[in-house]
Number of protein chains: 2
Amino acid sequence: MANDRAFLESYDPADYDRPSVAVDVVLFTIREGTLQVLMTHRTEPPFAGCRALPGVFVGMDETLDEAASRALRTKGGLSHVYLEQLYTWGAPARDPRMRVISVSYYALVPERAAMLPEGTDAAFYPADSVAAAGDIAFDHAEIIACGRERIRTKVLWSDIAFSLLEEEFTLPQLQSVYEILLGQKLYKANFRKKLADRIEPTDKMTSGDAHRPSRIYRRRGDKEEKA
Amino acid sequence: MANDRAFLESYDPADYDRPSVAVDVVLFTIREGTLQVLMTHRTEPPFAGCRALPGVFVGMDETLDEAASRALRTKGGLSHVYLEQLYTWGAPARDPRMRVISVSYYALVPERAAMLPEGTDAAFYPADSVAAAGDIAFDHAEIIACGRERIRTKVLWSDIAFSLLEEEFTLPQLQSVYEILLGQKLYKANFRKKLADRIEPTDKMTSGDAHRPSRIYRRRGDKEEKA
DNA sequence: ACAAAAGTGTTGAGAGTACACCCATGC
DNA sequence: GCATGGGTGTACTCTCAACACTTTTGT
């Protein structure tokens with residue numbers, strides 16, 4: 001009752017306990033043919049020795065999106081990535097030290113952009129192995145599962161797959177991204193027909209791959225941020 | 001930098017300013033053939049005289065879902081509704097008094113369950129008129145638009161429409177709900193074919209409607225909370 | 001009998017599936 | 001030449017939109 005908005009007019013910040021608010025980011029990329037997630041290594045309790053998502057506390061003068069960008073910048077040296085809010089987690093005991101509400105985001109980057117700087121304790125791990133792992137801090141395994149599920153369904157109706165590739169790519173590469181995100185093989189001929197109107201060919205070809213070269217494409221109408 | 005999670009280990013709550021966290025709920029129902037939203041009336045600044053979504057500050061020992069339920073219970077006398085998290089809003093100046101991060105939810109209830117108790121200042125307003133109205137507090141017009149858009153797309157692939165009806169309903173009623181959520185007329189014959197496997201007929205019929213009675217249906221497999 | 005709303009069968013277009021096949025390169 | 005992966009055309013299936021039509025009530 002003391003928290004009822006009817007009392008908001010006379011609300012004095014000092015009168016009430018307030019939770020801390022963090023932003024945690026699930027950064028996905030594709031490496032070695034699997035979907036991988038960026039995680040940091042915790043050295044202090046709680047969850048010492050466990051892996052945790054990169055995250056920061058929200059500053060008083062920044063938006064949530066800015067906080068998510070900052071988390072990626074300071075933890076992974078990354079910027080200009082596809083970034084979208086995922087879900088907000090608020091179980092009272094999700095952090096044993098104190099009440100922390102976490103606004104989670106997910107991000108998608110191509111492999112080459114995911115080169116981590118020297119001296120980072122952050123590294124990539126296969127996303128599907130995290131569910132079974134026992135050394136994941138807080139509720140971060142659940143957050144990763146939520147992000148994994150989001151991209152699995154969103155790839156069906158949006159263009160997020162392109163965010164995991166460079167600007168130029170081949171159709172076999174693009175199909176591989178779809179297959180990894182969906183977790184199943186696709187028929188080559190049908191895949192191409194469905195994607196035909198979202199891509200445009202360049203005059204370049206791959207070479208040196210020991211077999212027939214493939215044409216290099218880019219996304220059609222690359223001005224729009226449709227994904 | 002001071003908010004970087006690397007400093008988390010030595011984090012002392014007293015060292016940092018923390019935002020307040022509120023939960024605001026967009027309660028939708030269908031009245032008089034239109035989609036309507038529950039809003040309260042503000043009497044004190046800021047935004048005195050404006051309409052605002054029902055909301056509460058998150059208590060230190062409750063989950064976000066519980067806070068959303070509490071908002072509906074204290075503001076609208078409602079319980080046992082379809083409730084789902086929508087989006088989290090964190091613009092630094094969205095509340096001019098102080099930093100408030102709002103976790104928004106949306107809820108769906110049938111008209112009869114949306115009878116408000118006596119002495120409430122809350123009332124229902126057509127959802128589509130809110131976008132044009134100028135007397136909406138905070139960023140609540142944007143939150144409502146976000147919820148409106150969510151149910152517009154979600155009705156296409158989920159069963160949320162049933163949450164706006166009683167347990168028993170006629171097919172014309174169900175079709176009307178779909179048409180209101182989608183904002184367009186549907187072909188009766190095709191609509192019935194698509195919904196056929198999600199409903200089951202009862203042996204009851206309507207009567208007294210001045211025209212041919214319609215059969216009363218209920219949702220098939222009503223055990224699952226699929227919506 | 002008529003108006004109005006409930007309810008049903010049929011058809012055609014288009015998307016999606018499965019399959020068969022050809023092409024270019026390295027070895 | 002042959003293995004391997006890149007690339008394309010066709011035929012079948014199923015969903016879905018559109019239409020035409022019948023049924024049942026109150027007046």
# chains A, B, ... in the order shown; residues from 1 in each chain; ligands from 1

call {"tool": "interface_residues", "arguments": {"of": "chain B", "to": "chain D", "cutoff": "10 Å", "atoms": "only C-alpha atoms (C1' of nucleotides)", "output": "number ranges by chain"}}
result
B: 187, 189-190, 193-194, 207-214

call {"tool": "closest_atom_pairs", "arguments": {"of": "chain B", "to": "chain A", "cutoff": "7 Å", "atoms": "only C-alpha atoms", "output": "Markdown table"}}
result
| residue | atom | partner | partner_atom | distance |
| --- | --- | --- | --- | --- |
| B:Asn3 | CA | A:Phe57 | CA | 5.0 |
| B:Asp4 | CA | A:Val56 | CA | 4.9 |
| B:Arg5 | CA | A:Val56 | CA | 4.7 |
| B:Glu9 | CA | A:Glu44 | CA | 6.3 |
| B:Arg18 | CA | A:Ser20 | CA | 5.8 |
| B:Pro19 | CA | A:Met60 | CA | 6.9 |
| B:Ser20 | CA | A:Arg18 | CA | 5.8 |
| B:Glu44 | CA | A:Glu9 | CA | 6.4 |
| B:Gly55 | CA | A:Arg5 | CA | 5.8 |
| B:Val56 | CA | A:Arg5 | CA | 4.7 |
| B:Phe57 | CA | A:Asn3 | CA | 5.0 |
| B:Val58 | CA | A:Asn3 | CA | 6.9 |
| B:Gly59 | CA | A:Asn3 | CA | 6.6 |
| B:Met60 | CA | A:Pro19 | CA | 6.9 |
| B:Asp61 | CA | A:Pro92 | CA | 5.6 |
| B:Glu62 | CA | A:Pro92 | CA | 6.2 |
| B:Thr63 | CA | A:Ala91 | CA | 5.0 |
| B:Leu64 | CA | A:Gly90 | CA | 5.5 |
| B:Gly90 | CA | A:Thr63 | CA | 5.4 |
| B:Ala91 | CA | A:Thr63 | CA | 5.0 |
| B:Pro92 | CA | A:Asp61 | CA | 5.6 |
| B:Arg99 | CA | A:Met60 | CA | 6.9 |

call {"tool": "calpha_fit_rmsd", "arguments": {"fixed": "chain A", "moving": "chain B"}}
result
0.1 Å

call {"tool": "interface_residues", "arguments": {"of": "chain C", "to": "chain A", "cutoff": "8 Å", "atoms": "only C-alpha atoms (C1' of nucleotides)", "output": "list in words"}}
result
DA24, DT25 and DG26 of chain C

call {"tool": "residues_around", "arguments": {"residues": "A:Arg51", "least_positions_apart": "3", "cutoff": "7 Å", "atoms": "only C-alpha atoms (C1' of nucleotides)", "output": "PyMOL selection string"}}
result
chain A and resi 39-42+135-137

call {"tool": "residues_around", "arguments": {"residues": "A:Arg150", "least_positions_apart": "5", "cutoff": "10 Å", "atoms": "only C-alpha atoms (C1' of nucleotides)", "output": "PDB file with C-alpha atoms, in the first residue's frame"}}
result
ATOM      1  CA  LEU A  86      14.460  -8.529 -24.385  1.00  0.00           C
ATOM      2  CA  TYR A 106      20.144  -9.040 -26.865  1.00  0.00           C
ATOM      3  CA  ILE A 144      20.130 -16.511 -22.443  1.00  0.00           C
ATOM      4  CA  ALA A 145      17.413 -19.096 -23.084  1.00  0.00           C
ATOM      5  CA  VAL A 155      14.250 -14.985 -37.770  1.00  0.00           C
TER       6      VAL A 155
END

call {"tool": "atom_distance", "arguments": {"atom1": "atom CA of B:Leu108", "atom2": "atom CA of B:Ser158"}}
result
13.4 Å

call {"tool": "select_by_dssp", "arguments": {"residues": "chain A", "states": "helix (DSSP H, G or I)", "output": "PDB file with C-alpha atoms, in the first residue's frame"}}
result
ATOM      1  CA  ARG A   5       0.828   5.333  -7.000  1.00  0.00           C
ATOM      2  CA  ALA A   6      -1.896   7.324  -5.240  1.00  0.00           C
ATOM      3  CA  PHE A   7       0.802   8.327  -2.791  1.00  0.00           C
ATOM      4  CA  LEU A   8       3.097   9.365  -5.568  1.00  0.00           C
ATOM      5  CA  GLU A   9       2.434  13.063  -5.203  1.00  0.00           C
ATOM      6  CA  SER A  10       4.033  13.147  -1.784  1.00  0.00           C
ATOM      7  CA  PRO A  13      12.895   9.232  -2.503  1.00  0.00           C
ATOM      8  CA  ALA A  14      14.367   8.938   0.956  1.00  0.00           C
ATOM      9  CA  ASP A  15      11.204   7.383   2.349  1.00  0.00           C
ATOM     10  CA  LEU A  64      18.376   1.918 -20.923  1.00  0.00           C
ATOM     11  CA  ASP A  65      19.537   1.606 -24.527  1.00  0.00           C
ATOM     12  CA  GLU A  66      22.569   3.703 -23.727  1.00  0.00           C
ATOM     13  CA  ALA A  67      23.353   1.542 -20.727  1.00  0.00           C
ATOM     14  CA  ALA A  68      23.170  -1.560 -22.922  1.00  0.00           C
ATOM     15  CA  SER A  69      25.529   0.010 -25.444  1.00  0.00           C
ATOM     16  CA  ARG A  70      27.886   0.939 -22.645  1.00  0.00           C
ATOM     17  CA  ALA A  71      27.877  -2.631 -21.353  1.00  0.00           C
ATOM     18  CA  LEU A  72      28.957  -3.873 -24.762  1.00  0.00           C
ATOM     19  CA  ARG A  73      31.538  -1.166 -25.183  1.00  0.00           C
ATOM     20  CA  THR A  74      33.236  -1.583 -21.828  1.00  0.00           C
ATOM     21  CA  LYS A  75      33.029  -5.376 -21.707  1.00  0.00           C
ATOM     22  CA  GLY A  76      33.542  -6.366 -25.287  1.00  0.00           C
ATOM     23  CA  GLU A 111      31.946 -12.819 -36.365  1.00  0.00           C
ATOM     24  CA  ARG A 112      34.601 -10.391 -37.537  1.00  0.00           C
ATOM     25  CA  ALA A 113      33.113  -7.563 -35.488  1.00  0.00           C
ATOM     26  CA  ALA A 114      33.201  -9.778 -32.426  1.00  0.00           C
ATOM     27  CA  ALA A 127      24.708 -20.853 -26.583  1.00  0.00           C
ATOM     28  CA  ASP A 128      23.221 -24.326 -26.490  1.00  0.00           C
ATOM     29  CA  SER A 129      25.747 -25.576 -23.950  1.00  0.00           C
ATOM     30  CA  VAL A 130      24.805 -22.890 -21.444  1.00  0.00           C
ATOM     31  CA  HIS A 140      21.577 -15.534 -16.585  1.00  0.00           C
ATOM     32  CA  ALA A 141      21.012 -19.020 -18.014  1.00  0.00           C
ATOM     33  CA  GLU A 142      17.310 -18.221 -18.156  1.00  0.00           C
ATOM     34  CA  ILE A 143      18.000 -14.863 -19.781  1.00  0.00           C
ATOM     35  CA  ILE A 144      20.130 -16.511 -22.443  1.00  0.00           C
ATOM     36  CA  ALA A 145      17.413 -19.096 -23.084  1.00  0.00           C
ATOM     37  CA  CYS A 146      14.914 -16.269 -23.478  1.00  0.00           C
ATOM     38  CA  GLY A 147      17.146 -14.511 -26.002  1.00  0.00           C
ATOM     39  CA  ARG A 148      17.794 -17.756 -27.840  1.00  0.00           C
ATOM     40  CA  GLU A 149      14.080 -18.333 -28.165  1.00  0.00           C
ATOM     41  CA  ARG A 150      13.467 -14.775 -29.304  1.00  0.00           C
ATOM     42  CA  ILE A 151      15.839 -14.964 -32.244  1.00  0.00           C
ATOM     43  CA  ARG A 152      14.615 -18.442 -33.143  1.00  0.00           C
ATOM     44  CA  THR A 153      11.115 -17.117 -33.738  1.00  0.00           C
ATOM     45  CA  LYS A 154      12.069 -13.668 -34.986  1.00  0.00           C
ATOM     46  CA  VAL A 155      14.250 -14.985 -37.770  1.00  0.00           C
ATOM     47  CA  LEU A 156      11.097 -16.402 -39.363  1.00  0.00           C
ATOM     48  CA  TRP A 157       9.492 -13.038 -40.035  1.00  0.00           C
ATOM     49  CA  ILE A 160      17.753 -10.253 -38.105  1.00  0.00           C
ATOM     50  CA  ALA A 161      19.845 -12.961 -39.763  1.00  0.00           C
ATOM     51  CA  PHE A 162      21.609 -10.303 -41.826  1.00  0.00           C
ATOM     52  CA  SER A 163      22.942  -8.734 -38.637  1.00  0.00           C
ATOM     53  CA  LEU A 164      25.089 -11.814 -38.095  1.00  0.00           C
ATOM     54  CA  LEU A 171      23.803 -17.415 -50.234  1.00  0.00           C
ATOM     55  CA  PRO A 172      25.326 -20.547 -48.657  1.00  0.00           C
ATOM     56  CA  GLN A 173      26.538 -18.321 -45.792  1.00  0.00           C
ATOM     57  CA  LEU A 174      23.119 -16.755 -45.381  1.00  0.00           C
ATOM     58  CA  GLN A 175      21.423 -20.121 -45.434  1.00  0.00           C
ATOM     59  CA  SER A 176      23.835 -21.400 -42.811  1.00  0.00           C
ATOM     60  CA  VAL A 177      22.863 -18.531 -40.486  1.00  0.00           C
ATOM     61  CA  TYR A 178      19.181 -19.369 -40.888  1.00  0.00           C
ATOM     62  CA  GLU A 179      19.864 -23.035 -40.233  1.00  0.00           C
ATOM     63  CA  ILE A 180      21.842 -22.314 -37.082  1.00  0.00           C
ATOM     64  CA  LEU A 181      19.229 -19.936 -35.719  1.00  0.00           C
ATOM     65  CA  LEU A 182      16.365 -22.301 -36.517  1.00  0.00           C
ATOM     66  CA  LYS A 188      18.472 -24.884 -50.741  1.00  0.00           C
ATOM     67  CA  ALA A 189      16.188 -24.200 -53.695  1.00  0.00           C
ATOM     68  CA  ASN A 190      13.225 -23.115 -51.577  1.00  0.00           C
ATOM     69  CA  PHE A 191      15.372 -21.009 -49.290  1.00  0.00           C
ATOM     70  CA  ARG A 192      16.670 -19.034 -52.245  1.00  0.00           C
ATOM     71  CA  LYS A 193      13.224 -18.390 -53.613  1.00  0.00           C
ATOM     72  CA  LYS A 194      11.991 -17.044 -50.301  1.00  0.00           C
ATOM     73  CA  LEU A 195      14.968 -14.760 -49.817  1.00  0.00           C
ATOM     74  CA  ALA A 196      15.188 -13.627 -53.433  1.00  0.00           C
ATOM     75  CA  ASP A 197      13.392 -10.322 -52.947  1.00  0.00           C
ATOM     76  CA  ARG A 198      15.425  -9.295 -49.899  1.00  0.00           C
TER      77      ARG A 198
END

call {"tool": "select_by_dssp", "arguments": {"residues": "stretch 24-154 of chain A", "states": "strand (DSSP E or B)", "output": "count of residues only"}}
result
43

call {"tool": "atom_distance", "arguments": {"atom1": "atom CA of A:Arg94", "atom2": "atom CA of A:Phe47"}}
result
11.8 Å

call {"tool": "atom_distance", "arguments": {"atom1": "atom CA of B:Leu35", "atom2": "atom CA of B:Phe138"}}
result
21.6 Å

call {"tool": "residues_around", "arguments": {"residues": "B:Gln36", "least_positions_apart": "2", "cutoff": "8 Å", "atoms": "only C-alpha atoms (C1' of nucleotides)", "output": "list in words"}}
result
Phe28, Thr29, Ile30, Arg31, Thr34, Leu38, Phe124, Tyr125, Pro126 and Ala127 of chain B

call {"tool": "write_last_selection", "arguments": {"atoms": "N, CA and C atoms", "output": "PDB file, in the first residue's frame"}}
result
ATOM      1  N   PHE B  28      -6.694  -3.669 -21.171  1.00  0.00           N
ATOM      2  CA  PHE B  28      -7.604  -3.571 -22.313  1.00  0.00           C
ATOM      3  C   PHE B  28      -8.880  -4.350 -22.049  1.00  0.00           C
ATOM      4  N   THR B  29      -9.988  -3.811 -22.522  1.00  0.00           N
ATOM      5  CA  THR B  29     -11.225  -4.570 -22.578  1.00  0.00           C
ATOM      6  C   THR B  29     -12.020  -4.065 -23.772  1.00  0.00           C
ATOM      7  N   ILE B  30     -13.060  -4.783 -24.125  1.00  0.00           N
ATOM      8  CA  ILE B  30     -13.888  -4.353 -25.250  1.00  0.00           C
ATOM      9  C   ILE B  30     -15.254  -3.942 -24.721  1.00  0.00           C
ATOM     10  N   ARG B  31     -15.639  -2.689 -24.987  1.00  0.00           N
ATOM     11  CA  ARG B  31     -16.929  -2.137 -24.579  1.00  0.00           C
ATOM     12  C   ARG B  31     -17.533  -1.411 -25.760  1.00  0.00           C
ATOM     13  N   THR B  34     -15.715  -1.204 -29.075  1.00  0.00           N
ATOM     14  CA  THR B  34     -14.381  -0.632 -29.271  1.00  0.00           C
ATOM     15  C   THR B  34     -13.430  -1.120 -28.188  1.00  0.00           C
ATOM     16  N   LEU B  38      -8.059   1.167 -19.392  1.00  0.00           N
ATOM     17  CA  LEU B  38      -8.315   1.697 -18.057  1.00  0.00           C
ATOM     18  C   LEU B  38      -7.299   2.784 -17.716  1.00  0.00           C
ATOM     19  N   PHE B 124     -12.697   3.759 -18.185  1.00  0.00           N
ATOM     20  CA  PHE B 124     -12.229   3.260 -19.477  1.00  0.00           C
ATOM     21  C   PHE B 124     -12.365   4.320 -20.562  1.00  0.00           C
ATOM     22  N   TYR B 125     -11.379   4.340 -21.449  1.00  0.00           N
ATOM     23  CA  TYR B 125     -11.388   5.257 -22.576  1.00  0.00           C
ATOM     24  C   TYR B 125     -11.015   4.504 -23.843  1.00  0.00           C
ATOM     25  N   PRO B 126     -11.578   4.894 -24.973  1.00  0.00           N
ATOM     26  CA  PRO B 126     -11.229   4.209 -26.230  1.00  0.00           C
ATOM     27  C   PRO B 126      -9.728   4.289 -26.506  1.00  0.00           C
ATOM     28  N   ALA B 127      -9.141   3.144 -26.790  1.00  0.00           N
ATOM     29  CA  ALA B 127      -7.685   3.094 -26.962  1.00  0.00           C
ATOM     30  C   ALA B 127      -7.230   3.957 -28.134  1.00  0.00           C
TER      31      ALA B 127
END
